[in-house]
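Below you'll find the structure, written out as structure tokens, and then a few comments.
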Amino acid sequence: MMVSVFLCSNILTCGIHQFAGMFLICRLLSVREPDRACAAAAFSGALLLSPAVFFLKFPEFYQMAAEILWLTFWIRRLRHTDARMSLFISIYYTIGIFFWQFLFLAGIGILFCLPSLPDSAGGSGQIALWALHLVILFLMIYSRTQEEPARPNAFWMVSSPIFPDFTCCPSFCCASSLPFIPLPPFPIRFPLPRPPTLSPSLPLSLPP
């Protein structure tokens, strides 16, 4: 029972970020926003990819490559976008999604004091996945209410959330292998001692 629940949850989350990727490409390339056909393509890809990843335990690299190719193919077919730009944005977007997924999983592991990184097929992993995808849904809905930015500003806005990943991921990786060493107490006493002063009775010898 729980296996089917987690599988349906993975299908929904994969479909959500696939559809959000189509929406992002359409906004950046100034084409018509995705419609029901794009949503059907996104969730059909999730329906095909998620069970294979869930049951066969494929490495995340193959999952990322499959999602990138699926997203690029369908946005090119349905919106006639430039293939190279669509592929570039798909790669950048998918890497960012998997980075933030790792950060949310690590955050849940720290919050619940878990001994290792939680599995996305477990309960704590599902909390992290849905927290991330609720943020994605909020950003997508919020961006629809805003005016379409200029292309240089849009690319800057999209790339700015990726920079914390490259800073936080090595920190989490090192934190998982290095023990936490508390600093010894360092009491500070007030008032602080005054520096020593020279006695005026002693003559000062200056060099010649």
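Residue numbering restarts at 1 in every chain; chains get A, B, ... in the order shown in the structure tokens, and ligands count up from 1 in that same order.
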
Inset, instruction - For A:Leu105, please output as an MDAnalysis selection string all residues within 7 Å (counting only C-alpha atoms; exclusion window: fewer than 2 positions along the same chain). - result: chainID A and resid 101:103 107:109 117:118 125 128

How would the residues just chosen look if you wrote them out with N, CA, C and O atoms as a JSON list (two decimals), in the first residue's frame?
[["chain", "number", "residue", "atom", "x", "y", "z"],
["A", 101, "GLN", "N", 16.76, 19.52, -4.60],
["A", 101, "GLN", "CA", 16.20, 18.32, -3.99],
["A", 101, "GLN", "C", 17.17, 17.74, -2.96],
["A", 101, "GLN", "O", 16.76, 17.32, -1.87],
["A", 102, "PHE", "N", 18.45, 17.72, -3.31],
["A", 102, "PHE", "CA", 19.45, 17.25, -2.36],
["A", 102, "PHE", "C", 19.50, 18.14, -1.12],
["A", 102, "PHE", "O", 19.60, 17.65, 0.02],
["A", 103, "LEU", "N", 19.43, 19.46, -1.31],
["A", 103, "LEU", "CA", 19.47, 20.37, -0.17],
["A", 103, "LEU", "C", 18.26, 20.20, 0.73],
["A", 103, "LEU", "O", 18.37, 20.24, 1.96],
["A", 107, "GLY", "N", 18.35, 19.00, 4.51],
["A", 107, "GLY", "CA", 17.72, 19.80, 5.55],
["A", 107, "GLY", "C", 16.76, 19.00, 6.41],
["A", 107, "GLY", "O", 16.72, 19.15, 7.63],
["A", 108, "ILE", "N", 15.98, 18.12, 5.77],
["A", 108, "ILE", "CA", 15.07, 17.26, 6.53],
["A", 108, "ILE", "C", 15.86, 16.30, 7.41],
["A", 108, "ILE", "O", 15.49, 16.02, 8.57],
["A", 109, "GLY", "N", 16.98, 15.78, 6.87],
["A", 109, "GLY", "CA", 17.81, 14.90, 7.69],
["A", 109, "GLY", "C", 18.39, 15.59, 8.90],
["A", 109, "GLY", "O", 18.45, 15.01, 9.99],
["A", 117, "LEU", "N", 21.38, 10.47, 4.86],
["A", 117, "LEU", "CA", 20.49, 11.23, 3.99],
["A", 117, "LEU", "C", 19.20, 10.45, 3.76],
["A", 117, "LEU", "O", 19.25, 9.26, 3.40],
["A", 118, "PRO", "N", 18.03, 11.05, 3.97],
["A", 118, "PRO", "CA", 16.78, 10.30, 3.80],
["A", 118, "PRO", "C", 16.55, 9.90, 2.35],
["A", 118, "PRO", "O", 16.92, 10.61, 1.42],
["A", 125, "GLY", "N", 11.74, 11.54, 3.15],
["A", 125, "GLY", "CA", 12.11, 11.99, 1.81],
["A", 125, "GLY", "C", 10.96, 12.60, 1.05],
["A", 125, "GLY", "O", 11.13, 13.57, 0.30],
["A", 128, "ALA", "N", 10.45, 16.18, 2.08],
["A", 128, "ALA", "CA", 11.38, 17.09, 1.40],
["A", 128, "ALA", "C", 10.97, 17.33, -0.05],
["A", 128, "ALA", "O", 11.02, 18.47, -0.55]]

Legend entry - Residue contacts of A:Thr72 (7 Å, only C-alpha atoms) excluding same-chain residues fewer than 6 positions away, as number ranges by chain: A: 86-87, 90

Writer output for current selection, N, CA and C atoms, as a compact mmCIF listing (two decimals), in the first residue's frame:
# COMPACT_ATOMS: atom_id res chain seq x y z
N SER A 86 16.52 25.45 -25.97
CA SER A 86 15.67 24.59 -25.14
C SER A 86 16.51 23.55 -24.40
N LEU A 87 17.48 22.96 -25.10
CA LEU A 87 18.35 21.97 -24.45
C LEU A 87 19.19 22.62 -23.36
N SER A 90 16.96 23.37 -20.40
CA SER A 90 16.55 22.11 -19.76
C SER A 90 17.67 21.53 -18.90

Inset, instruction - Do a neighbour search on stretch 132-137 of chain A at 10 Å with only C-alpha atoms, toss out local chain neighbours closer than 4 positions, and write the hits as a list in words. - result: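 So, after excluding close chain neighbours, the residues are Leu12, Thr13, Cys14, Ile16, His17, Phe19, Ala20, Gly21, Ile97, Trp100, Gln101, Leu103, Phe104, Leu105, Gln126, Ile127, Ala128, Ile141, Tyr142 and Ser143 of chain A.
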
Grab the residues selected above and save them as a PDB file, in the first residue's frame with C-alpha atoms.
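Result file selection.pdb:
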ATOM      1  CA  LEU A  12       3.115  13.779  -9.343  1.00  0.00           C
ATOM      2  CA  THR A  13       6.294  15.563  -8.262  1.00  0.00           C
ATOM      3  CA  CYS A  14       8.101  14.590 -11.471  1.00  0.00           C
ATOM      4  CA  ILE A  16       5.079  19.107 -11.614  1.00  0.00           C
ATOM      5  CA  HIS A  17       8.718  20.003 -12.213  1.00  0.00           C
ATOM      6  CA  PHE A  19       5.573  21.157 -16.444  1.00  0.00           C
ATOM      7  CA  ALA A  20       7.349  23.944 -14.540  1.00  0.00           C
ATOM      8  CA  GLY A  21      10.359  23.432 -16.808  1.00  0.00           C
ATOM      9  CA  ILE A  97      16.061  20.865  -9.456  1.00  0.00           C
ATOM     10  CA  TRP A 100      17.692  21.771  -4.517  1.00  0.00           C
ATOM     11  CA  GLN A 101      16.196  18.322  -3.985  1.00  0.00           C
ATOM     12  CA  LEU A 103      19.475  20.368  -0.172  1.00  0.00           C
ATOM     13  CA  PHE A 104      15.882  19.792   0.960  1.00  0.00           C
ATOM     14  CA  LEU A 105      16.648  16.135   1.742  1.00  0.00           C
ATOM     15  CA  GLN A 126       8.579  12.601   0.596  1.00  0.00           C
ATOM     16  CA  ILE A 127       8.288  15.556   2.981  1.00  0.00           C
ATOM     17  CA  ALA A 128      11.381  17.092   1.398  1.00  0.00           C
ATOM     18  CA  ILE A 141       1.883  30.832 -10.048  1.00  0.00           C
ATOM     19  CA  TYR A 142       3.539  34.004  -8.775  1.00  0.00           C
ATOM     20  CA  SER A 143       5.468  34.525 -12.025  1.00  0.00           C
TER      21      SER A 143
END

Residue neighbourhood A:Val3, 9 Å, only C-alpha atoms, exclusion window fewer than 4 positions, as a compact mmCIF listing (two decimals) with all heavy atoms, in the first residue's frame:
# COMPACT_ATOMS: atom_id res chain seq x y z
N LEU A 7 4.91 5.78 -4.97
CA LEU A 7 5.06 5.81 -6.42
C LEU A 7 4.19 6.90 -7.04
O LEU A 7 4.66 7.65 -7.91
CB LEU A 7 4.72 4.45 -7.01
CG LEU A 7 4.76 4.33 -8.54
CD1 LEU A 7 6.15 4.65 -9.06
CD2 LEU A 7 4.32 2.94 -8.98
N CYS A 8 2.94 6.99 -6.61
CA CYS A 8 2.07 8.06 -7.12
C CYS A 8 2.60 9.44 -6.75
O CYS A 8 2.53 10.38 -7.54
CB CYS A 8 0.65 7.88 -6.57
SG CYS A 8 -0.20 6.41 -7.18
N ALA A 121 12.15 7.61 -1.38
CA ALA A 121 11.06 6.64 -1.34
C ALA A 121 10.50 6.44 0.06
O ALA A 121 9.59 5.64 0.25
CB ALA A 121 11.52 5.30 -1.91

Name all residues at most 12 Å from A:Ile68 (count only C-alpha atoms; drop same-chain ones fewer than 6 positions away) and give them as an mmCIF file with C-alpha atoms, in the first residue's frame.
data_model
loop_
_atom_site.group_PDB
_atom_site.id
_atom_site.type_symbol
_atom_site.label_atom_id
_atom_site.label_comp_id
_atom_site.auth_asym_id
_atom_site.auth_seq_id
_atom_site.Cartn_x
_atom_site.Cartn_y
_atom_site.Cartn_z
ATOM 1 C CA HIS A 17 8.718 20.003 -12.213
ATOM 2 C CA GLN A 18 8.519 18.831 -15.829
ATOM 3 C CA GLY A 21 10.359 23.432 -16.808
ATOM 4 C CA MET A 22 8.142 23.860 -19.885
ATOM 5 C CA ALA A 42 4.915 16.412 -18.834
ATOM 6 C CA GLY A 45 6.842 11.505 -19.160
ATOM 7 C CA LEU A 49 10.164 7.649 -15.963
ATOM 8 C CA PHE A 61 22.426 10.742 -13.716
ATOM 9 C CA TYR A 62 20.282 8.594 -16.034
ATOM 10 C CA TRP A 74 8.274 18.004 -26.229
ATOM 11 C CA ILE A 75 8.799 21.742 -25.778
ATOM 12 C CA SER A 86 15.674 24.588 -25.139
ATOM 13 C CA LEU A 87 18.348 21.973 -24.453
ATOM 14 C CA PHE A 88 20.530 24.503 -22.634
ATOM 15 C CA ILE A 89 17.702 25.693 -20.384
ATOM 16 C CA SER A 90 16.551 22.112 -19.761
ATOM 17 C CA ILE A 91 20.023 21.055 -18.629
ATOM 18 C CA TYR A 92 20.416 24.084 -16.383
ATOM 19 C CA TYR A 93 16.919 23.726 -14.932
ATOM 20 C CA THR A 94 17.173 19.978 -14.261
ATOM 21 C CA ILE A 95 20.551 20.328 -12.547
ATOM 22 C CA GLY A 96 19.067 23.046 -10.335
ATOM 23 C CA ILE A 97 16.061 20.865 -9.456
ATOM 24 C CA PHE A 98 18.234 17.933 -8.408
#

Inset, instruction - Measure the distance from atom CA of A:Ile11 to atom CA of A:Ser44 in Å and round it to one decimal. - result: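 Separation between atom CA of A:Ile11 and atom CA of A:Ser44: 9.1 Å.
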
Legend entry - Residue among A:Ser120, A:Leu69, A:Leu56, A:Arg27 lying closest to A:Ser9, counting only C-alpha atoms: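 Counting only C-alpha atoms, the residue closest to A:Ser9 is A:Ser120.
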